[in-house]
Every structure is written in structure tokens, then in C-alpha cells.
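**Student:** Pasting a structure below so you can have a look.
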Amino acid sequence: MPQDAYKTIKYPTEGLFKEKGSKFLAYAWPVQNEDEINAHVEVIKKKYHDARHHCFAWELGVDGMNFRMNDDGEPSGTAGKPILGQIHSHELTNVLVVVVRYFGGVKLGTGGLVQAYKTATAEALDKAEILECTIDKSFSIRFAYDMMNPVMRVVDEEGLEVKDQLFEADCRLTLSVRESKFDTLVGRFQQTYGIEVLED
């Protein structure tokens, strides 16, 4: 997938896995920032305050550098890592998954735990409606009124989103475009039409 596009989930979803009396409740959300993530985790911890573990993993952005895993008292690498692994194998980002575990009295062993957290997460993510998003960049252009037709032709041809417009002696449009198309588009406005481009 291009660096200016990514897949996330459209709505929150849930999954459930049971093994030897233990219950693993998985909750997945689309998220945009760490404040949202922390708020969701807090809500789950309050709602399931009697559960032994609230393990989670999340990833933000498209560079694969902004993620976190938390085993919340489970043996190291048995919870957060398989949860994050499922986010990756579904090729998603801007996603948080929290898995709540109620202990059933029988130890599952590290292999059993990895499998349980992986399966519960997959249950939630398999149900999700996938949303394909692009990373867009905003910019403004300023031009004389008599350039309106050629400018609007470019806007239509490139499928640009008009975020704001002001028509006075000079015209000003604020536009949004996919990051990968930005340089070409700016060149088209500047070189072909001599239009001033202002980056937001």
C-alpha cells in the first residue's frame, strides 16, 4: 500500500474466546491519537474492574514506528505481542485492541495464552468493516477571477476537495489532495497557470 494510504476499522467491534474456563473478551476501536487510546483503556478497566488482566496493543500512523503493547501481568510476550500481531496481519493501523481476561482456574501455559489472545483479537478484527483512508495535505491558492475556469477544471480533473473558498477581487481556494499527488499538483498550478500556492 502507498505511504499516503492506510486501512483501519470503521466501527468498534468485539470478539470472544473461551479456553479451559478462562474467558477472553476482545474490543477493537478505530483511534486517531493516544488520548483516545487511553480513554478507551480506562473505560474497559472500569467496566471490567473484576477481571485479572486488561491487555492491549495499538498502532498509529503509516510508518510502523508508533505502537505499544501491554501484557498487564501476563507472562512477557504472551498477550500484547499476539494482539499487535493480529493488527499487523489484518494490515491495519489507527487501531486499538484491548483483551480482557477472566481466569478460569486452569493455567494455559505460554503457548496457550499466545493462542488465546491471538484468537480473541482475530475474532474482533474479522468482524470489522475495513475503511481505506488516504493521508491528505491542505493548501491554498490565490488567483485572479479570470483564472476561475482553468482552476476549477484542475479541481474537477484531480478530484480535489474544496475546504474553503473566498471570491473577491482576488479569489482564494483551500484545497485538499492526497500527499503523493501534492508536488505534481502544485507544479501544475504554478507552472501552467502562474498561480500562487500557499501551504497550510
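Labeling convention for the C-alpha cells: chains A, B, ... as they appear, residues from 1 per chain, ligands from 1 in order of appearance.
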Do a neighbour search on segment 69-76 of chain A at 7 Å with only C-alpha atoms, toss out local chain neighbours closer than 4 positions, and write the hits as a PDB file with C-alpha atoms, in the first residue's frame.
**Tutor:**
```
ATOM      1  CA  HIS A  53      -5.882  -8.806  33.085  1.00  0.00           C
ATOM      2  CA  HIS A  54      -6.623  -5.960  30.628  1.00  0.00           C
ATOM      3  CA  CYS A  55      -4.025  -6.498  27.893  1.00  0.00           C
ATOM      4  CA  PHE A  56      -3.799  -4.319  24.813  1.00  0.00           C
ATOM      5  CA  ALA A  57      -1.898  -3.251  21.738  1.00  0.00           C
ATOM      6  CA  TRP A  58      -2.278  -0.324  19.362  1.00  0.00           C
ATOM      7  CA  GLY A  80       0.340  -7.656  23.825  1.00  0.00           C
ATOM      8  CA  LYS A  81       2.556  -9.188  21.144  1.00  0.00           C
ATOM      9  CA  LEU A  84      -0.333  -6.475  17.824  1.00  0.00           C
TER      10      LEU A  84
END
```
**Student:** Show me, as a list in words, the residues that have an atom within 10 Å of Asp126 of chain A when counting only C-alpha atoms, minus same-chain residues fewer than 2 positions from it.
**Tutor:**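 Returned residues: Thr13, Glu14, Gly15, Gln86, His90, Thr121, Ala122, Glu123, Ala124, Ala128, Glu129 and Ile130 of chain A.
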**Student:** When DSSP works through the backbone of this structure, what residues of chain A end up as strand (DSSP E), shown as a PyMOL selection string?
**Tutor:** chain A and resi 5-9+13-19+22-30+53-60+66-70+95-102+130-134+136-144+161-167+170-178+196-199
**Student:** Give me, as a PyMOL selection string, all polymer residues having an atom no more than 12 Å from Lys10 of chain A, counting only C-alpha atoms and skipping those fewer than 6 positions away in the same chain.
**Tutor:** chain A and resi 28-31+92-95+125+127-133
**Student:** For the atom pair atom CA of His49 of chain A and atom CA of Phe67 of chain A, what is the interatomic distance in Å to one decimal place?
**Tutor:**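 A separation of 24.8 Å between them.
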**Student:** Within 12 Å of Thr134 of chain A, counting only C-alpha atoms, which residues show up once you throw out same-chain ones fewer than 4 positions away? Write them as a compact mmCIF listing (two decimals) with all heavy atoms, in the first residue's frame, please.
**Tutor:**
```txt
# COMPACT_ATOMS: atom_id res chain seq x y z
N MET A 1 0.86 -1.20 0.00
CA MET A 1 0.00 0.00 0.00
C MET A 1 0.89 1.25 0.00
O MET A 1 1.90 1.28 0.70
CB MET A 1 -0.88 -0.04 1.25
CG MET A 1 -1.97 1.01 1.23
SD MET A 1 -3.27 0.73 2.45
CE MET A 1 -4.39 -0.27 1.53
N PRO A 2 0.52 2.30 -0.76
CA PRO A 2 1.34 3.51 -0.80
C PRO A 2 1.49 4.13 0.59
O PRO A 2 0.64 3.91 1.45
CB PRO A 2 0.56 4.45 -1.72
CG PRO A 2 -0.50 3.65 -2.36
CD PRO A 2 -0.68 2.40 -1.58
N GLN A 3 2.54 4.92 0.78
CA GLN A 3 2.81 5.52 2.09
C GLN A 3 1.78 6.59 2.47
O GLN A 3 1.77 7.04 3.61
CB GLN A 3 4.21 6.14 2.10
CG GLN A 3 5.30 5.14 2.39
CD GLN A 3 5.18 4.51 3.79
OE1 GLN A 3 5.34 5.16 4.80
NE2 GLN A 3 4.88 3.23 3.84
N ASP A 4 0.93 7.01 1.53
CA ASP A 4 -0.08 8.00 1.90
C ASP A 4 -1.47 7.37 1.98
O ASP A 4 -2.48 8.04 1.88
CB ASP A 4 -0.07 9.18 0.92
CG ASP A 4 -0.53 8.77 -0.47
OD1 ASP A 4 -0.56 7.55 -0.75
OD2 ASP A 4 -0.85 9.65 -1.28
N ALA A 5 -1.51 6.05 2.17
CA ALA A 5 -2.79 5.35 2.32
C ALA A 5 -2.67 4.31 3.42
O ALA A 5 -1.59 3.80 3.70
CB ALA A 5 -3.18 4.68 1.01
N TYR A 6 -3.78 4.03 4.07
CA TYR A 6 -3.77 3.01 5.13
C TYR A 6 -5.17 2.44 5.31
O TYR A 6 -6.16 3.00 4.83
CB TYR A 6 -3.26 3.61 6.44
CG TYR A 6 -4.13 4.71 7.02
CD1 TYR A 6 -5.14 4.42 7.94
CD2 TYR A 6 -3.95 6.04 6.66
CE1 TYR A 6 -5.94 5.43 8.46
CE2 TYR A 6 -4.74 7.05 7.19
CZ TYR A 6 -5.73 6.73 8.10
OH TYR A 6 -6.53 7.72 8.62
N LYS A 7 -5.23 1.31 6.01
CA LYS A 7 -6.52 0.68 6.31
C LYS A 7 -6.73 0.70 7.83
O LYS A 7 -5.81 0.44 8.59
CB LYS A 7 -6.54 -0.76 5.81
CG LYS A 7 -6.59 -0.86 4.30
CD LYS A 7 -6.92 -2.26 3.82
CE LYS A 7 -5.82 -3.24 4.09
NZ LYS A 7 -6.05 -4.54 3.44
N THR A 8 -7.95 1.02 8.22
CA THR A 8 -8.32 0.96 9.62
C THR A 8 -9.71 0.33 9.71
O THR A 8 -10.25 -0.14 8.70
CB THR A 8 -8.26 2.35 10.28
OG1 THR A 8 -8.43 2.19 11.70
CG2 THR A 8 -9.31 3.31 9.73
N GLY A 61 -0.56 5.66 12.66
CA GLY A 61 0.29 6.15 11.56
C GLY A 61 0.68 5.06 10.58
O GLY A 61 0.31 3.89 10.74
N VAL A 62 1.44 5.46 9.56
CA VAL A 62 1.75 4.52 8.46
C VAL A 62 3.22 4.09 8.43
O VAL A 62 3.59 3.26 7.61
CB VAL A 62 1.39 5.13 7.08
CG1 VAL A 62 -0.11 5.29 6.94
CG2 VAL A 62 2.10 6.46 6.85
N SER A 176 -7.68 20.21 -0.66
CA SER A 176 -7.06 19.07 0.00
C SER A 176 -6.76 18.02 -1.07
O SER A 176 -7.58 17.76 -1.94
CB SER A 176 -8.01 18.51 1.05
OG SER A 176 -7.42 17.41 1.68
N VAL A 177 -5.55 17.43 -1.00
CA VAL A 177 -5.13 16.45 -2.01
C VAL A 177 -4.34 15.35 -1.33
O VAL A 177 -3.73 15.57 -0.28
CB VAL A 177 -4.28 17.13 -3.13
CG1 VAL A 177 -2.97 17.65 -2.58
CG2 VAL A 177 -4.02 16.17 -4.28
N ARG A 178 -4.33 14.17 -1.93
CA ARG A 178 -3.51 13.08 -1.43
C ARG A 178 -2.05 13.49 -1.41
O ARG A 178 -1.57 14.10 -2.36
CB ARG A 178 -3.65 11.88 -2.35
CG ARG A 178 -4.35 10.72 -1.71
CD ARG A 178 -4.47 9.61 -2.67
NE ARG A 178 -3.52 8.56 -2.32
CZ ARG A 178 -3.72 7.29 -2.56
NH1 ARG A 178 -4.82 6.90 -3.14
NH2 ARG A 178 -2.83 6.38 -2.22
N GLU A 179 -1.37 13.16 -0.34
CA GLU A 179 0.02 13.59 -0.15
C GLU A 179 0.91 13.27 -1.36
O GLU A 179 1.73 14.07 -1.78
CB GLU A 179 0.59 12.93 1.11
CG GLU A 179 1.60 13.78 1.82
CD GLU A 179 1.94 13.21 3.19
OE1 GLU A 179 2.36 12.03 3.25
OE2 GLU A 179 1.80 13.94 4.18
N SER A 180 0.73 12.07 -1.93
CA SER A 180 1.60 11.64 -3.04
C SER A 180 1.38 12.47 -4.30
O SER A 180 2.24 12.53 -5.17
CB SER A 180 1.38 10.16 -3.35
OG SER A 180 0.03 9.92 -3.66
N LYS A 181 0.22 13.15 -4.40
CA LYS A 181 -0.06 13.96 -5.60
C LYS A 181 0.30 15.43 -5.41
O LYS A 181 0.19 16.22 -6.34
CB LYS A 181 -1.57 13.89 -5.93
CG LYS A 181 -2.05 12.56 -6.48
CD LYS A 181 -3.53 12.70 -6.79
CE LYS A 181 -4.03 11.55 -7.65
NZ LYS A 181 -5.44 11.77 -8.01
```
**Student:** Mind the document's chain letters and residue numbers, and return as a PyMOL selection string the residues of segment 13-196 of chain A that DSSP labels helix (DSSP H, G or I).
**Tutor:** chain A and resi 34-47+80-89+109-126+145-158+179-193
**Student:** Can you write just those residues out, C-alpha atoms, as a tab-separated table (two decimals), in the first residue's frame?
**Tutor:**
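So out-v8.tsv came out as:
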```tsv
chain	number	residue	atom	x	y	z
A	34	GLU	CA	-3.05	8.43	22.31
A	35	ASP	CA	-5.64	10.44	24.27
A	36	GLU	CA	-8.41	8.42	22.62
A	37	ILE	CA	-6.49	5.20	23.28
A	38	ASN	CA	-6.02	5.99	26.98
A	39	ALA	CA	-9.70	6.91	27.35
A	40	HIS	CA	-10.86	3.56	25.85
A	41	VAL	CA	-8.44	1.58	28.04
A	42	GLU	CA	-9.68	3.38	31.17
A	43	VAL	CA	-13.33	2.70	30.30
A	44	ILE	CA	-12.61	-1.03	29.86
A	45	LYS	CA	-10.62	-1.22	33.12
A	46	LYS	CA	-13.54	0.39	34.99
A	47	LYS	CA	-16.18	-1.73	33.27
A	80	GLY	CA	0.34	-7.66	23.83
A	81	LYS	CA	2.56	-9.19	21.14
A	82	PRO	CA	-0.05	-11.59	19.68
A	83	ILE	CA	-2.66	-8.78	19.80
A	84	LEU	CA	-0.33	-6.48	17.82
A	85	GLY	CA	0.50	-9.39	15.52
A	86	GLN	CA	-3.16	-9.64	14.55
A	87	ILE	CA	-3.39	-5.88	13.90
A	88	HIS	CA	-0.42	-6.35	11.54
A	89	SER	CA	-1.71	-9.49	9.84
A	109	GLY	CA	0.82	-22.08	29.61
A	110	THR	CA	2.62	-19.53	27.47
A	111	GLY	CA	1.69	-21.20	24.16
A	112	GLY	CA	-1.96	-21.42	25.22
A	113	LEU	CA	-2.02	-17.78	26.24
A	114	VAL	CA	-0.48	-16.61	22.96
A	115	GLN	CA	-3.07	-18.62	21.03
A	116	ALA	CA	-5.95	-17.33	23.18
A	117	TYR	CA	-5.04	-13.63	22.84
A	118	LYS	CA	-4.40	-14.09	19.13
A	119	THR	CA	-7.74	-15.86	18.56
A	120	ALA	CA	-9.80	-13.37	20.60
A	121	THR	CA	-8.24	-10.45	18.69
A	122	ALA	CA	-8.80	-12.16	15.32
A	123	GLU	CA	-12.46	-12.71	16.31
A	124	ALA	CA	-12.92	-8.95	16.81
A	125	LEU	CA	-10.95	-7.82	13.74
A	126	ASP	CA	-12.52	-10.42	11.40
A	145	TYR	CA	-11.05	35.98	-11.07
A	146	ASP	CA	-10.45	35.47	-14.81
A	147	MET	CA	-8.50	32.27	-13.95
A	148	MET	CA	-11.56	30.68	-12.35
A	149	ASN	CA	-12.41	28.31	-15.24
A	150	PRO	CA	-8.95	26.75	-15.68
A	151	VAL	CA	-8.57	26.43	-11.90
A	152	MET	CA	-11.94	24.71	-11.48
A	153	ARG	CA	-11.06	22.39	-14.39
A	154	VAL	CA	-7.96	21.22	-12.48
A	155	VAL	CA	-10.03	20.83	-9.30
A	156	ASP	CA	-12.53	18.60	-11.17
A	157	GLU	CA	-9.91	16.59	-13.09
A	158	GLU	CA	-7.88	15.86	-9.95
A	179	GLU	CA	0.02	13.59	-0.15
A	180	SER	CA	1.60	11.64	-3.04
A	181	LYS	CA	-0.06	13.96	-5.60
A	182	PHE	CA	0.83	17.20	-3.82
A	183	ASP	CA	4.08	18.15	-5.60
A	184	THR	CA	2.74	17.41	-9.09
A	185	LEU	CA	-0.39	19.41	-8.41
A	186	VAL	CA	1.45	22.41	-7.01
A	187	GLY	CA	3.70	22.33	-10.10
A	188	ARG	CA	0.65	22.29	-12.35
A	189	PHE	CA	-0.87	25.35	-10.67
A	190	GLN	CA	2.40	27.30	-10.51
A	191	GLN	CA	3.99	26.47	-13.86
A	192	THR	CA	0.96	26.12	-16.10
A	193	TYR	CA	-1.11	28.95	-14.66
```
**Student:** Could you check the closest approach to Phe17 of chain A for each of A:Tyr102, A:Arg68, A:Glu59, A:Gly77 and tell me which residue wins, using only C-alpha atoms?
**Tutor:**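 Of A:Tyr102, A:Arg68, A:Glu59, A:Gly77, the one nearest Phe17 of chain A, counting only C-alpha atoms, is A:Tyr102.
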**Student:** With distances taken over only C-alpha atoms, which of A:Leu198, A:Leu166, A:Val97, A:Leu175 is nearest to Asp136 of chain A?
**Tutor:** A:Leu175
